[in-house]
>>> print(open('query_11.txt').read())   # compact mmCIF, C-alpha atoms
# COMPACT_ATOMS: atom_id res chain seq x y z
CA MET A 1 2.97 5.07 -17.24
CA ALA A 2 5.37 7.99 -17.57
CA ILE A 3 8.21 8.07 -15.03
CA LEU A 4 10.69 10.91 -14.50
CA LEU A 5 14.10 9.98 -13.06
CA GLY A 6 15.72 12.79 -11.09
CA SER A 7 19.35 12.49 -9.98
CA ALA A 8 22.67 14.23 -10.61
CA ASN A 9 24.43 10.89 -10.15
CA ASP A 10 24.86 9.20 -13.53
CA LEU A 11 25.25 5.77 -11.94
CA VAL A 12 21.95 6.07 -10.08
CA ILE A 13 20.16 7.21 -13.24
CA GLN A 14 21.67 4.38 -15.27
CA ARG A 15 20.66 1.81 -12.66
CA TRP A 16 17.07 3.02 -12.73
CA VAL A 17 17.05 3.03 -16.52
CA ASP A 18 18.43 -0.51 -16.76
CA LEU A 19 15.77 -1.85 -14.41
CA LEU A 20 12.74 0.05 -15.69
CA LYS A 21 13.28 0.81 -19.38
CA ASP A 22 11.36 -2.22 -20.65
CA LYS A 23 8.34 -1.56 -18.42
CA TYR A 24 7.75 2.20 -18.40
CA ASP A 25 8.08 5.37 -20.46
CA LEU A 26 11.15 7.06 -18.94
CA ASN A 27 12.53 10.60 -18.95
CA GLN A 28 15.58 11.94 -17.12
CA ALA A 29 16.62 15.07 -15.21
CA ASP A 30 20.26 15.36 -14.15
CA SER A 31 20.00 18.71 -12.33
CA LEU A 32 17.50 20.64 -10.24
CA PRO A 33 16.82 23.27 -12.96
CA ASN A 34 16.24 20.50 -15.51
CA LEU A 35 13.95 18.71 -13.08
CA GLN A 36 11.94 21.87 -12.42
CA LYS A 37 11.59 22.57 -16.13
CA LEU A 38 10.38 19.07 -16.94
CA CYS A 39 7.90 19.10 -14.05
CA ALA A 40 6.53 22.44 -15.27
CA ASP A 41 6.36 21.52 -18.97
CA GLU A 42 5.32 17.86 -18.96
CA LYS A 43 3.07 15.48 -17.04
CA PHE A 44 4.48 12.46 -15.23
CA ASP A 45 2.76 9.75 -13.22
CA LEU A 46 5.74 9.02 -11.00
CA LEU A 47 9.00 10.76 -10.07
CA LEU A 48 11.94 8.72 -8.78
CA LEU A 49 13.83 11.43 -6.92
CA HIS A 50 17.36 11.21 -5.51
CA ARG A 51 17.49 12.98 -2.13
CA PRO A 52 20.80 14.85 -2.80
CA LEU A 53 19.04 16.73 -5.60
CA VAL A 54 16.54 18.48 -3.30
CA ASP A 55 16.01 19.91 0.16
CA PRO A 56 12.56 20.34 1.75
CA GLU A 57 12.12 23.81 0.23
CA THR A 58 12.94 22.77 -3.33
CA PHE A 59 10.87 19.62 -2.86
CA ILE A 60 7.84 21.78 -2.11
CA GLU A 61 8.50 23.65 -5.35
CA ILE A 62 8.61 20.38 -7.29
CA ARG A 63 5.28 19.39 -5.73
CA ARG A 64 3.81 22.73 -6.75
CA LEU A 65 4.99 22.36 -10.34
CA SER A 66 3.64 18.82 -10.68
CA PRO A 67 0.92 18.33 -8.03
CA LEU A 68 -0.52 15.12 -9.51
CA CYS A 69 2.82 13.32 -9.84
CA ARG A 70 3.56 10.69 -7.18
CA ILE A 71 7.07 11.04 -5.74
CA PHE A 72 9.32 8.18 -4.60
CA LEU A 73 12.31 9.55 -2.64
CA PHE A 74 15.62 7.69 -2.51
CA SER A 75 18.20 8.51 0.17
CA ASP A 76 21.83 7.40 0.33
CA GLN A 77 21.52 7.25 4.13
CA PRO A 78 17.83 6.90 4.95
CA ASN A 79 16.67 7.64 8.48
CA GLU A 80 13.37 7.99 10.29
CA GLU A 81 13.42 11.77 10.70
CA GLU A 82 14.16 12.40 7.02
CA GLY A 83 11.52 9.91 5.93
CA LEU A 84 8.86 11.44 8.16
CA THR A 85 9.78 14.98 7.12
CA PHE A 86 9.33 14.24 3.43
CA LEU A 87 6.31 12.02 4.06
CA LYS A 88 4.56 15.06 5.54
CA LEU A 89 5.55 17.02 2.43
CA GLY A 90 3.91 14.50 0.13
CA ILE A 91 6.14 11.57 -0.86
CA VAL A 92 4.47 8.20 -1.40
CA GLY A 93 7.66 6.14 -1.19
CA TYR A 94 10.96 6.26 0.71
CA ALA A 95 13.88 3.86 0.35
CA ASN A 96 17.63 3.44 0.26
CA THR A 97 19.15 4.57 -3.03
CA TYR A 98 20.85 1.19 -3.29
CA ILE A 99 17.75 -0.92 -2.64
CA SER A 100 18.04 -4.29 -4.36
CA ALA A 101 16.94 -4.55 -7.98
CA GLU A 102 14.07 -6.88 -7.06
CA ARG A 103 12.74 -4.59 -4.33
CA LEU A 104 13.09 -1.50 -6.52
CA THR A 105 11.01 -3.16 -9.22
CA GLU A 106 8.41 -4.27 -6.67
CA ALA A 107 8.32 -0.87 -4.96
CA THR A 108 7.80 0.93 -8.26
CA ARG A 109 4.97 -1.45 -9.12
CA VAL A 110 3.33 -0.99 -5.72
CA ILE A 111 3.52 2.80 -5.85
CA SER A 112 2.31 2.94 -9.45
CA SER A 113 -0.78 1.00 -8.33
CA GLY A 114 -1.63 3.74 -5.84
CA ALA A 115 -0.14 2.30 -2.64
CA VAL A 116 2.64 3.62 -0.39
CA TRP A 117 6.12 2.11 0.04
CA LEU A 118 8.04 2.90 3.24
CA GLY A 119 11.01 1.33 4.96
CA GLN A 120 10.34 -0.78 8.05
CA LYS A 121 11.81 1.76 10.50
CA VAL A 122 9.74 4.64 9.12
CA MET A 123 6.61 2.49 9.21
CA GLN A 124 7.32 1.48 12.81
CA ARG A 125 7.85 5.11 13.77
CA LEU A 126 4.51 6.07 12.20
CA ILE A 127 2.80 3.27 14.09
CA LEU A 128 4.38 4.23 17.41
CA ASP A 129 3.58 7.91 16.85
CA SER A 130 -0.01 6.97 16.13
CA TYR A 131 -0.18 5.17 19.49
CA SER A 132 0.29 8.34 21.50
CA LYS A 133 -2.29 10.20 19.42
CA ALA A 134 -4.82 7.41 19.44
CA LYS A 135 -5.60 7.50 23.17
CA SER A 136 -7.94 10.47 22.83
CA MET A 137 -9.82 9.12 19.78
CA ALA A 138 -13.17 7.32 19.70
CA VAL A 139 -12.91 3.62 20.54
CA SER A 140 -16.35 2.07 19.92
CA ASP A 141 -15.97 1.40 16.18
CA SER A 142 -12.46 0.04 16.65
CA LYS A 143 -13.61 -2.33 19.39
CA LYS A 144 -16.38 -3.72 17.20
CA LYS A 145 -13.90 -4.48 14.40
CA LEU A 146 -11.42 -6.11 16.76
CA GLU A 147 -14.12 -8.35 18.26
CA THR A 148 -14.39 -10.12 14.90
CA LEU A 149 -10.82 -11.43 15.17
CA THR A 150 -9.82 -14.85 16.45
CA LYS A 151 -7.52 -15.09 19.47
CA ARG A 152 -4.45 -15.67 17.25
CA GLU A 153 -5.44 -12.85 14.88
CA ARG A 154 -5.79 -10.48 17.82
CA GLU A 155 -2.35 -11.49 19.08
CA ILE A 156 -0.86 -10.66 15.68
CA ALA A 157 -2.80 -7.39 15.46
CA ASP A 158 -1.44 -6.35 18.88
CA LEU A 159 2.13 -7.10 17.78
CA ILE A 160 1.60 -5.10 14.59
CA ALA A 161 0.48 -2.18 16.75
CA GLN A 162 3.76 -2.47 18.66
CA GLY A 163 5.64 -1.97 15.39
CA GLN A 164 6.88 -5.54 14.94
CA SER A 165 7.70 -6.91 11.48
CA ASN A 166 6.26 -10.16 10.11
CA LEU A 167 9.54 -11.92 10.84
CA GLU A 168 9.55 -10.72 14.46
CA ILE A 169 5.93 -11.78 14.93
CA ALA A 170 6.68 -15.22 13.50
CA ALA A 171 9.56 -15.67 15.95
CA ASN A 172 7.54 -14.46 18.94
CA LEU A 173 4.57 -16.72 18.19
CA ASP A 174 6.65 -19.69 16.95
CA ILE A 175 4.92 -19.78 13.56
CA THR A 176 6.14 -19.27 10.00
CA GLU A 177 6.27 -15.88 8.31
CA ARG A 178 3.94 -17.31 5.67
CA THR A 179 1.37 -18.08 8.37
CA VAL A 180 1.68 -14.52 9.67
CA LYS A 181 0.95 -13.18 6.19
CA ALA A 182 -2.10 -15.45 5.88
CA HIS A 183 -3.45 -14.24 9.22
CA LEU A 184 -2.81 -10.63 8.18
CA SER A 185 -4.87 -11.05 5.03
CA SER A 186 -7.79 -12.27 7.16
CA ILE A 187 -7.27 -9.48 9.70
CA TYR A 188 -7.25 -6.78 7.02
CA GLU A 189 -10.46 -8.16 5.54
CA LYS A 190 -12.29 -8.40 8.87
CA THR A 191 -11.20 -4.96 10.10
CA ARG A 192 -11.39 -3.29 6.68
CA THR A 193 -7.99 -1.71 7.26
CA GLY A 194 -5.82 -2.90 4.37
CA SER A 195 -2.48 -1.80 5.82
CA ARG A 196 -0.30 -2.16 8.91
CA LEU A 197 -0.65 1.52 9.75
CA ASN A 198 -4.45 1.52 9.61
CA LEU A 199 -4.58 -1.71 11.60
CA ALA A 200 -2.30 -0.24 14.27
CA LEU A 201 -4.57 2.80 14.51
CA ILE A 202 -7.69 0.80 15.34
CA VAL A 203 -5.83 -1.51 17.74
CA ASN A 204 -4.46 1.48 19.64
CA ARG A 205 -7.91 3.09 19.71
CA GLY A 206 -9.56 -0.10 20.90
>>> encode(input="query_11.txt", output="structure tokens")
Amino acid sequence: MAILLGSANDLVIQRWVDLLKDKYDLNQADSLPNLQKLCADEKFDLLLLHRPLVDPETFIEIRRLSPLCRIFLFSDQPNEEEGLTFLKLGIVGYANTYISAERLTEATRVISSGAVWLGQKVMQRLILDSYSKAKSMAVSDSKKKLETLTKREREIADLIAQGQSNLEIAANLDITERTVKAHLSSIYEKTRTGSRLNLALIVNRG
């Protein structure tokens, strides 16, 4: 997989290189003009993009130049509004620039497999936003899926819809986080959702 690293900060670039060089084919862009040129001239599967390098307008241009490239945005001071703004523009990942080495490696793997990686606060905001929109949507299909859940699974699904993390759910229900994850796997399979956001959508509809 070909990955383009875009940042004007040499330390950020070097950190990415050190962590990913043995796993992926890497290229680098240390300025916006260089980034635009590479996106126009070459094909990349994934772009690790440092937020200070772009604003929403220039981000749209990058997307136009390389429409098939998945973009993982890193912010020095991530916040919900910024994450949601760029999510609407097409990013598939959003994280703190200084995310731990282990989580960066995992996030890159997850995104390269076709999934989305978002911080907990952005995910919770998406779930809560979906709640207000879900009231007017059809409920019959969602109800049928939820009826397949056990009482404990439904409790966990309801807490997911409220935006709670696995750790918060474990504390509220006095169970281990590992047990929460096991229940979630069963819930995703029964409801055919596959993610917290999709699960929250059907819970709020039903």
>>> residues_near_point(input="query_11.txt", point="(18.8, 2.5, -15.4)", cutoff="12 Å", atoms="only C-alpha atoms", output="PyMOL selection string")
chain A and resi 3-7+9-24+26-28+48+101+104-105
>>> write_last_selection(input="query_11.txt", atoms="C-alpha atoms", output="mmCIF file, in the coordinates of the input")
data_model
loop_
_atom_site.group_PDB
_atom_site.id
_atom_site.type_symbol
_atom_site.label_atom_id
_atom_site.label_comp_id
_atom_site.auth_asym_id
_atom_site.auth_seq_id
_atom_site.Cartn_x
_atom_site.Cartn_y
_atom_site.Cartn_z
ATOM 1 C CA ILE A 3 8.210 8.070 -15.030
ATOM 2 C CA LEU A 4 10.690 10.910 -14.500
ATOM 3 C CA LEU A 5 14.100 9.980 -13.060
ATOM 4 C CA GLY A 6 15.720 12.790 -11.090
ATOM 5 C CA SER A 7 19.350 12.490 -9.980
ATOM 6 C CA ASN A 9 24.430 10.890 -10.150
ATOM 7 C CA ASP A 10 24.860 9.200 -13.530
ATOM 8 C CA LEU A 11 25.250 5.770 -11.940
ATOM 9 C CA VAL A 12 21.950 6.070 -10.080
ATOM 10 C CA ILE A 13 20.160 7.210 -13.240
ATOM 11 C CA GLN A 14 21.670 4.380 -15.270
ATOM 12 C CA ARG A 15 20.660 1.810 -12.660
ATOM 13 C CA TRP A 16 17.070 3.020 -12.730
ATOM 14 C CA VAL A 17 17.050 3.030 -16.520
ATOM 15 C CA ASP A 18 18.430 -0.510 -16.760
ATOM 16 C CA LEU A 19 15.770 -1.850 -14.410
ATOM 17 C CA LEU A 20 12.740 0.050 -15.690
ATOM 18 C CA LYS A 21 13.280 0.810 -19.380
ATOM 19 C CA ASP A 22 11.360 -2.220 -20.650
ATOM 20 C CA LYS A 23 8.340 -1.560 -18.420
ATOM 21 C CA TYR A 24 7.750 2.200 -18.400
ATOM 22 C CA LEU A 26 11.150 7.060 -18.940
ATOM 23 C CA ASN A 27 12.530 10.600 -18.950
ATOM 24 C CA GLN A 28 15.580 11.940 -17.120
ATOM 25 C CA LEU A 48 11.940 8.720 -8.780
ATOM 26 C CA ALA A 101 16.940 -4.550 -7.980
ATOM 27 C CA LEU A 104 13.090 -1.500 -6.520
ATOM 28 C CA THR A 105 11.010 -3.160 -9.220
#
>>> residues_near_point(input="query_11.txt", point="(12.5, 17.9, -9.8)", cutoff="9 Å", atoms="only C-alpha atoms", output="list in words")
Leu4, Leu5, Gly6, Ser7, Ala29, Ser31, Leu32, Pro33, Asn34, Leu35, Gln36, Lys37, Leu38, Cys39, Leu47, Leu49, Leu53, Val54, Thr58, Phe59, Glu61, Ile62, Arg63, Leu65 and Ser66 of chain A
>>> residues_around(input="query_11.txt", residues="range 111-119 of chain A", least_positions_apart="5", cutoff="9 Å", atoms="only C-alpha atoms", output="PyMOL selection string")
chain A and resi 1+45-46+70-72+78+80+83+91-96+106+124
>>> atom_distance(input="query_11.txt", atom1="CA of Lys145 in chain A", atom2="CA of Thr191 in chain A")
5.1 Å
>>> residues_around(input="query_11.txt", residues="Ile156 in chain A", least_positions_apart="4", cutoff="9 Å", atoms="all atoms listed in the file", output="count of residues only")
10
>>> atom_distance(input="query_11.txt", atom1="CA of Ala8 in chain A", atom2="CA of Ile99 in chain A")
17.8 Å
>>> closest_residue(input="query_11.txt", among="A:Arg154, A:Arg51, A:Arg103, A:Lys181", to="Ala200 in chain A", atoms="all atoms listed in the file")
A:Arg154
>>> atom_distance(input="query_11.txt", atom1="CA of Asp174 in chain A", atom2="CA of Arg196 in chain A")
20.5 Å
>>> axis_aligned_box(input="query_11.txt", around="range 103-115 of chain A", padding_each_side="8 Å", output="lines of an AutoDock Vina configuration file")
center_x = 5.7
center_y = -0.4
center_z = -6.0
size_x = 30.7
size_y = 24.3
size_z = 22.8
>>> closest_residue(input="query_11.txt", among="A:Gln77, A:Thr108, A:Glu153, A:Ser100", to="Tyr188 in chain A", atoms="only C-alpha atoms")
A:Glu153
